[in-house]
Amino acid sequence: MSDTLTLSAQLRDRAGKGASRALRREGRVPAVIYGDKKDPETIHVEERALNKLLGTGHFMNSIVEIEVDGKTIVTLPKDVAFHPVSDRAIHVDFLRIAKGATVEVAVPVVFVNEDASPGLKRGGVLNVVRHELELVCDATNIPDEIEIDVTGTDVGDSIHISAVKLPKGATSAITDRDFTIATIVAPSALKSSEGDNETPAGE
């Protein structure tokens, strides 16, 4: 589970593009907190503090406690807009999290025990179809990553979501099919050598 992050904020007195530009010139980033059947709250946060959280690598999968106006609001980042040229964060959306709520998040996939895969040891290639899994889980228990064990896999094998052990309380957001996460494919050298050894039809 990712660590809970904290971020200090101030309420925004004015909305609109002009006000947002003025905030950015002061090193602040406009943001909004919405959800939980409450009115949205427009805020702004320090750009340096936000960049530090973005640099953790798991900002979008972490609970962020926002301290604003003397209260702490538990949120989950839902979107960060970046400037197309400078790549600076220019706006953030935070989803207000109610106690006991579940959320849908994209969790990175990590493959382990590749040295125990006969297919990979023979020169096969791990072809990753999905680098992240869309999961529904408790908002306070979001996994950092999902480990997928490739022990025993051979060339031609596929790894489907049904074969993955998900953390307690987490389920796949995609429920209508047993989708493929990765396959073990033969390297081009192996394919060509096998093709050369095939006897043409009719001989």
# chains A, B, ... in the order shown; residues from 1 in each chain; ligands from 1
$ closest_atom_pairs --of "stretch 93-186 of chain A" --to "stretch 58-81 of chain A" --cutoff "10 Å" --atoms "only C-alpha atoms" --output "JSON lines"
{"residue": "A:Asp93", "atom": "CA", "partner": "A:Asp79", "partner_atom": "CA", "distance": 5.1}
{"residue": "A:Phe94", "atom": "CA", "partner": "A:Pro77", "partner_atom": "CA", "distance": 4.5}
{"residue": "A:Leu95", "atom": "CA", "partner": "A:Leu76", "partner_atom": "CA", "distance": 5.1}
{"residue": "A:Arg96", "atom": "CA", "partner": "A:Thr75", "partner_atom": "CA", "distance": 4.5}
{"residue": "A:Ile97", "atom": "CA", "partner": "A:Thr75", "partner_atom": "CA", "distance": 5.1}
{"residue": "A:Ala98", "atom": "CA", "partner": "A:Val74", "partner_atom": "CA", "distance": 7.7}
{"residue": "A:Lys99", "atom": "CA", "partner": "A:Val74", "partner_atom": "CA", "distance": 9.0}
{"residue": "A:Val103", "atom": "CA", "partner": "A:Leu76", "partner_atom": "CA", "distance": 8.7}
{"residue": "A:Glu104", "atom": "CA", "partner": "A:Asn61", "partner_atom": "CA", "distance": 9.7}
{"residue": "A:Val105", "atom": "CA", "partner": "A:Asn61", "partner_atom": "CA", "distance": 6.6}
{"residue": "A:Ala106", "atom": "CA", "partner": "A:Asn61", "partner_atom": "CA", "distance": 7.4}
{"residue": "A:Val107", "atom": "CA", "partner": "A:Asn61", "partner_atom": "CA", "distance": 7.3}
{"residue": "A:Pro108", "atom": "CA", "partner": "A:His58", "partner_atom": "CA", "distance": 9.5}
{"residue": "A:Ala139", "atom": "CA", "partner": "A:Ile63", "partner_atom": "CA", "distance": 7.4}
{"residue": "A:Thr140", "atom": "CA", "partner": "A:Ile63", "partner_atom": "CA", "distance": 6.9}
{"residue": "A:Asn141", "atom": "CA", "partner": "A:Ile63", "partner_atom": "CA", "distance": 9.0}
{"residue": "A:Ile142", "atom": "CA", "partner": "A:Asn61", "partner_atom": "CA", "distance": 6.6}
{"residue": "A:Pro143", "atom": "CA", "partner": "A:Asn61", "partner_atom": "CA", "distance": 7.9}
{"residue": "A:Asp144", "atom": "CA", "partner": "A:His58", "partner_atom": "CA", "distance": 7.3}
{"residue": "A:Glu145", "atom": "CA", "partner": "A:His58", "partner_atom": "CA", "distance": 9.6}
$ residues_around --residues "A:Arg130" --least-positions-apart "3" --cutoff "8 Å" --atoms "only C-alpha atoms" --output "list of chain:residue names"
A:Val109, A:Leu133, A:Thr180, A:Ile181, A:Ala182
$ write_last_selection --atoms "all heavy atoms" --output "PDB file, in the first residue's frame"
ATOM      1  N   VAL A 109       1.893  -3.208 -13.048  1.00  0.00           N
ATOM      2  CA  VAL A 109       2.166  -4.645 -13.001  1.00  0.00           C
ATOM      3  C   VAL A 109       3.675  -4.870 -12.981  1.00  0.00           C
ATOM      4  O   VAL A 109       4.420  -4.209 -13.714  1.00  0.00           O
ATOM      5  CB  VAL A 109       1.548  -5.350 -14.224  1.00  0.00           C
ATOM      6  CG1 VAL A 109       2.038  -6.785 -14.326  1.00  0.00           C
ATOM      7  CG2 VAL A 109       0.033  -5.321 -14.140  1.00  0.00           C
ATOM      8  N   LEU A 133      -3.178  -2.572 -14.289  1.00  0.00           N
ATOM      9  CA  LEU A 133      -4.464  -3.235 -14.122  1.00  0.00           C
ATOM     10  C   LEU A 133      -5.447  -2.256 -13.512  1.00  0.00           C
ATOM     11  O   LEU A 133      -5.126  -1.563 -12.543  1.00  0.00           O
ATOM     12  CB  LEU A 133      -4.333  -4.464 -13.212  1.00  0.00           C
ATOM     13  CG  LEU A 133      -3.448  -5.611 -13.707  1.00  0.00           C
ATOM     14  CD1 LEU A 133      -3.467  -6.750 -12.688  1.00  0.00           C
ATOM     15  CD2 LEU A 133      -3.916  -6.103 -15.070  1.00  0.00           C
ATOM     16  N   THR A 180      -6.104 -10.766 -21.445  1.00  0.00           N
ATOM     17  CA  THR A 180      -4.688 -11.133 -21.443  1.00  0.00           C
ATOM     18  C   THR A 180      -3.838  -9.988 -20.908  1.00  0.00           C
ATOM     19  O   THR A 180      -4.020  -8.835 -21.289  1.00  0.00           O
ATOM     20  CB  THR A 180      -4.225 -11.486 -22.869  1.00  0.00           C
ATOM     21  OG1 THR A 180      -5.008 -12.578 -23.365  1.00  0.00           O
ATOM     22  CG2 THR A 180      -2.758 -11.879 -22.880  1.00  0.00           C
ATOM     23  N   ILE A 181      -2.904 -10.329 -20.027  1.00  0.00           N
ATOM     24  CA  ILE A 181      -1.981  -9.339 -19.470  1.00  0.00           C
ATOM     25  C   ILE A 181      -0.627  -9.413 -20.168  1.00  0.00           C
ATOM     26  O   ILE A 181       0.012  -8.398 -20.433  1.00  0.00           O
ATOM     27  CB  ILE A 181      -1.812  -9.557 -17.961  1.00  0.00           C
ATOM     28  CG1 ILE A 181      -3.166  -9.431 -17.260  1.00  0.00           C
ATOM     29  CG2 ILE A 181      -0.803  -8.573 -17.369  1.00  0.00           C
ATOM     30  CD1 ILE A 181      -3.136  -9.859 -15.817  1.00  0.00           C
ATOM     31  N   ALA A 182      -0.178 -10.641 -20.487  1.00  0.00           N
ATOM     32  CA  ALA A 182       1.113 -10.811 -21.154  1.00  0.00           C
ATOM     33  C   ALA A 182       1.152 -12.169 -21.850  1.00  0.00           C
ATOM     34  O   ALA A 182       0.379 -13.073 -21.517  1.00  0.00           O
ATOM     35  CB  ALA A 182       2.259 -10.700 -20.147  1.00  0.00           C
TER      36      ALA A 182
END
$ select_by_dssp --residues "stretch 8-192 of chain A" --states "strand (DSSP E or B)" --output "PyMOL selection string"
chain A and resi 8-11+28-35+38-46+64-68+71-82+89-96+102-112+125-128+132-138+146-149+158-160+171-172+180-185
$ residues_around --residues "A:Glu41" --least-positions-apart "4" --cutoff "7 Å" --atoms "only C-alpha atoms" --output "VMD selection string"
chain A and resid 32 to 34
$ atom_distance --atom1 "atom CA of A:Val136" --atom2 "atom CA of A:Thr102"
6.5 Å
$ select_by_dssp --residues "stretch 61-189 of chain A" --states "helix (DSSP H, G or I)" --output "MDAnalysis selection string"
chainID A and resid 61 114:116 118:121 161:163 188:189
$ write_last_selection --atoms "C-alpha atoms" --output "CSV table (one decimal), in the first residue's frame"
chain,number,residue,atom,x,y,z
A,61,ASN,CA,-2.5,5.8,-6.5
A,114,GLU,CA,11.5,-14.6,-15.0
A,115,ASP,CA,14.5,-16.9,-14.5
A,116,ALA,CA,12.1,-19.7,-13.6
A,118,PRO,CA,11.4,-22.2,-19.4
A,119,GLY,CA,10.2,-20.1,-22.3
A,120,LEU,CA,12.2,-17.0,-21.3
A,121,LYS,CA,15.2,-19.1,-20.5
A,161,ILE,CA,-6.3,-11.9,-15.2
A,162,SER,CA,-7.9,-15.1,-13.8
A,163,ALA,CA,-4.4,-16.4,-13.0
A,188,SER,CA,12.6,-14.0,-34.3
A,189,ALA,CA,15.7,-16.1,-34.5
$ closest_residue --among "A:Gln10, A:Asn113, A:Ser86, A:Thr42" --to "A:Arg28" --atoms "only C-alpha atoms"
A:Gln10
$ atom_distance --atom1 "atom CA of A:Gly100" --atom2 "atom CA of A:Cys137"
10.2 Å
$ residues_around --residues "A:Gly156" --least-positions-apart "6" --cutoff "9 Å" --atoms "only C-alpha atoms" --output "ChimeraX atom specification"
/A:119,183-186
$ write_last_selection --atoms "N, CA, C and O atoms" --output "mmCIF file, in the first residue's frame"
data_model
loop_
_atom_site.group_PDB
_atom_site.id
_atom_site.type_symbol
_atom_site.label_atom_id
_atom_site.label_comp_id
_atom_site.auth_asym_id
_atom_site.auth_seq_id
_atom_site.Cartn_x
_atom_site.Cartn_y
_atom_site.Cartn_z
ATOM 1 N N GLY A 119 10.243 -20.786 -21.050
ATOM 2 C CA GLY A 119 10.152 -20.054 -22.313
ATOM 3 C C GLY A 119 11.117 -18.886 -22.378
ATOM 4 O O GLY A 119 11.779 -18.668 -23.398
ATOM 5 N N THR A 183 2.052 -12.290 -22.802
ATOM 6 C CA THR A 183 2.269 -13.556 -23.493
ATOM 7 C C THR A 183 3.773 -13.815 -23.591
ATOM 8 O O THR A 183 4.578 -12.892 -23.537
ATOM 9 N N ILE A 184 4.128 -15.085 -23.719
ATOM 10 C CA ILE A 184 5.524 -15.461 -23.956
ATOM 11 C C ILE A 184 5.639 -15.801 -25.436
ATOM 12 O O ILE A 184 5.007 -16.760 -25.911
ATOM 13 N N VAL A 185 6.392 -15.017 -26.176
ATOM 14 C CA VAL A 185 6.490 -15.212 -27.620
ATOM 15 C C VAL A 185 7.898 -15.660 -27.999
ATOM 16 O O VAL A 185 8.880 -15.350 -27.312
ATOM 17 N N ALA A 186 7.979 -16.382 -29.096
ATOM 18 C CA ALA A 186 9.270 -16.860 -29.572
ATOM 19 C C ALA A 186 10.063 -15.709 -30.187
ATOM 20 O O ALA A 186 9.494 -14.849 -30.850
#
$ atom_distance --atom1 "atom CA of A:Val92" --atom2 "atom CA of A:Ser172"
26.1 Å
$ residues_around --residues "A:Glu147" --least-positions-apart "4" --cutoff "9 Å" --atoms "only C-alpha atoms" --output "list of chain:residue names"
A:Pro108, A:Val109, A:Val110, A:Phe111, A:Val112, A:Val164, A:Lys165, A:Leu166
$ closest_residue --among "A:Leu135, A:Val125, A:Leu11, A:Leu50" --to "A:Asp154" --atoms "only C-alpha atoms"
A:Val125
$ closest_residue --among "A:Asn127, A:Val150, A:Ala22, A:Arg88" --to "A:Glu47" --atoms "only C-alpha atoms"
A:Arg88
